[in-house]
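Novice: Sharing a structure here in C-alpha cells format.
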Amino acid sequence: MYQQLADRVGVFGGGVNVGIIQAADNHAILVDTGANESNARKLLRHVREEVGLNVIAILTTHAHADHFGGHEFVARRTGAEVYASPIEATILKNPELQPSLLFGGAAPPAALKERFILARPSPVHCVIDAGVVHFANVAVEVVPLPGHSPNQVGYLIDGVFFCGDVVFPSAAIEKFRIPYLFDLDRHLASMELAARTPASWIVPGHGTVERDITSLLEHNLAVVHETRETILKRLEEPAPLETIACGVFDAMDVPMESHVSYYLLRSTIAAYLASLEARGAVEHLMLNRQACWKRRQVEIGRIS
Ligand SMILES: [Zn+2]
C-alpha cells in the first residue's frame, strides 16, 4: 500500500494515489487525500502511527471528489491547511458546482449527487497557481496541468512528480474507453508538458507509479485520436450533442453503467466538439430550435 520513492517522499496507494512528503519537525504534507472519510481514516492512521508524522498541509491536484473527498476529514482532524488552484479551490468550497457543470449548469438531479461525484465541502486556506510552495525545509514546485479539469496542477518534489489525472492507466482506458476531460486542447498541451517534466518517479492519480510515462502518454493520445475521428465520422449531417455522444458511445463500445458515466462522457464529447470548432473542423449551427454540429469539408489529416 505504501511505497517510498525518495528520502522524503512516498505514495500511499489505493483508489487514488496520495503523496506523503516529509518535512522538518515530523511534519507531513499530503498530495490529495482519496475519495472519502473511510480512505482518509486509513491514510491518517498510516501517516500518524506507522510513519509518526503530523499532517500540516494538503496539496490538491484537482477538485474531483475521488481526489479531495478526504480533505474535510483530514483538515478537521489535524488542522492541516488546504492548498488548491483558483478554480479548483472554488469547487472544493462549493462541491455541488461539479455535478452542476456536468448537468449543463443547472441544479443537478439526484443521480449526480452520489458520493463518487459530490464530495463534502473542504476548506481552502491557500490559493496557488504556479511557482514554488515552501514549507520549512521543503520546496514543492507547482506544475499547471489544466485540461482534465479546468485548473488541475501537478507537484514536483525531490524528483517525484505527482501529475494528477493528466494520464490514465492503460487498464482504465481499456475498461472505460474514453477518459473524462474538460478542455481537450489544454489537456493535450498538459500531456506534452508532463512528458517534458524531468522526474525520477511519476505518480499518476490512479494506477502504478512509473519511471517513464512515454508509452502511457502514447496510449492516452491514441484514444484521443480515436475518439476525435469517431466523432467526425458522425458529423456528415447536422446533429445535436446527445445524438453525437450516443453514436460515439455505441461505436466505441463504451460501458455506460450509470448516469454519472453518461454525464461525464457527454460533457467530454462536448469538449471535443468545442475543440474541433476552434480548429475549424466543425460548425456549430442552430437548426429547428436545436444547437447542432456539422463537419466542415476539411481533411481529418489536417486536424493535428
Ligand atoms: Zn480527475
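Each chain in the C-alpha cells gets a letter, A, B and so on, in the order shown; residues start at 1 in every chain, and ligands are counted from 1 in the order they appear.
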How would you write, as a PDB file with C-alpha atoms, in the first residue's frame, the set of residues no farther than 8 Å from ligand 1 when counting only C-alpha atoms and all ligand atoms?
Specialist:
```
ATOM      1  CA  HIS A  62      -7.806  18.925  -8.784  1.00  0.00           C
ATOM      2  CA  ALA A  63     -11.336  19.161  -7.443  1.00  0.00           C
ATOM      3  CA  HIS A  64     -12.700  15.740  -8.402  1.00  0.00           C
ATOM      4  CA  ALA A  65     -14.400  14.002  -5.498  1.00  0.00           C
ATOM      5  CA  ASP A  66     -12.160  10.906  -5.682  1.00  0.00           C
ATOM      6  CA  HIS A  67      -9.103  13.134  -5.053  1.00  0.00           C
ATOM      7  CA  HIS A 148      -8.646  17.101 -17.415  1.00  0.00           C
ATOM      8  CA  SER A 149     -10.169  19.674 -15.065  1.00  0.00           C
ATOM      9  CA  GLY A 164      -2.889  14.133 -11.176  1.00  0.00           C
ATOM     10  CA  ASP A 165      -5.125  12.768 -13.927  1.00  0.00           C
ATOM     11  CA  TYR A 180     -13.151  12.249 -18.934  1.00  0.00           C
ATOM     12  CA  GLY A 205      -3.595   9.990  -9.843  1.00  0.00           C
TER      13      GLY A 205
END
```
Novice: May I have the residues within 10 Å of Glu218 of chain A as a list in words, using only C-alpha atoms and disregarding those fewer than 6 positions away in the same chain?
Specialist: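 Contacts, in chain order: Val167, Met191 and Val224 of chain A.
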Novice: Would you list the contacts of Leu276 of chain A as a PyMOL selection string, taking every protein, DNA or RNA residue within 12 Å and counting only C-alpha atoms, but skipping same-chain residues closer than 5 positions in sequence?
Specialist: chain A and resi 183-185+225+227-229+231-232+235+269-271+281-284+293-296+298+300+302-304
Novice: Give me the residues near Val142 of chain A as a list of chain:residue names, where near means some atom within 7 Å (using only C-alpha atoms) and where sequence neighbours in that chain fewer than 6 positions away do not count.
Specialist: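 Here the qualifying residues turn out to be A:Ala130, A:Gly131, A:Val132, A:Val153, A:Gly154, A:Tyr155, A:Leu156.
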Novice: Grab the residues selected above and save them as a short mmCIF file (atom, residue, chain, number, x, y, z; two decimals), in the first residue's frame with N, CA and C atoms.
Specialist:
```cif
data_model
loop_
_atom_site.label_atom_id
_atom_site.label_comp_id
_atom_site.auth_asym_id
_atom_site.auth_seq_id
_atom_site.Cartn_x
_atom_site.Cartn_y
_atom_site.Cartn_z
N ALA A 130 0.94 28.50 -9.73
CA ALA A 130 2.20 28.05 -10.33
C ALA A 130 3.29 28.48 -9.36
N GLY A 131 4.54 28.20 -9.73
CA GLY A 131 5.66 28.63 -8.88
C GLY A 131 6.01 27.57 -7.84
N VAL A 132 6.55 28.04 -6.72
CA VAL A 132 7.05 27.10 -5.70
C VAL A 132 6.36 27.40 -4.37
N VAL A 153 -3.40 21.03 -11.25
CA VAL A 153 -1.95 21.25 -11.14
C VAL A 153 -1.28 19.95 -10.69
N GLY A 154 0.02 19.83 -11.05
CA GLY A 154 0.84 18.73 -10.56
C GLY A 154 1.83 19.30 -9.55
N TYR A 155 2.54 18.42 -8.85
CA TYR A 155 3.52 18.86 -7.86
C TYR A 155 4.81 18.07 -8.04
N LEU A 156 5.95 18.79 -8.04
CA LEU A 156 7.26 18.16 -8.24
C LEU A 156 8.10 18.42 -7.00
#
```
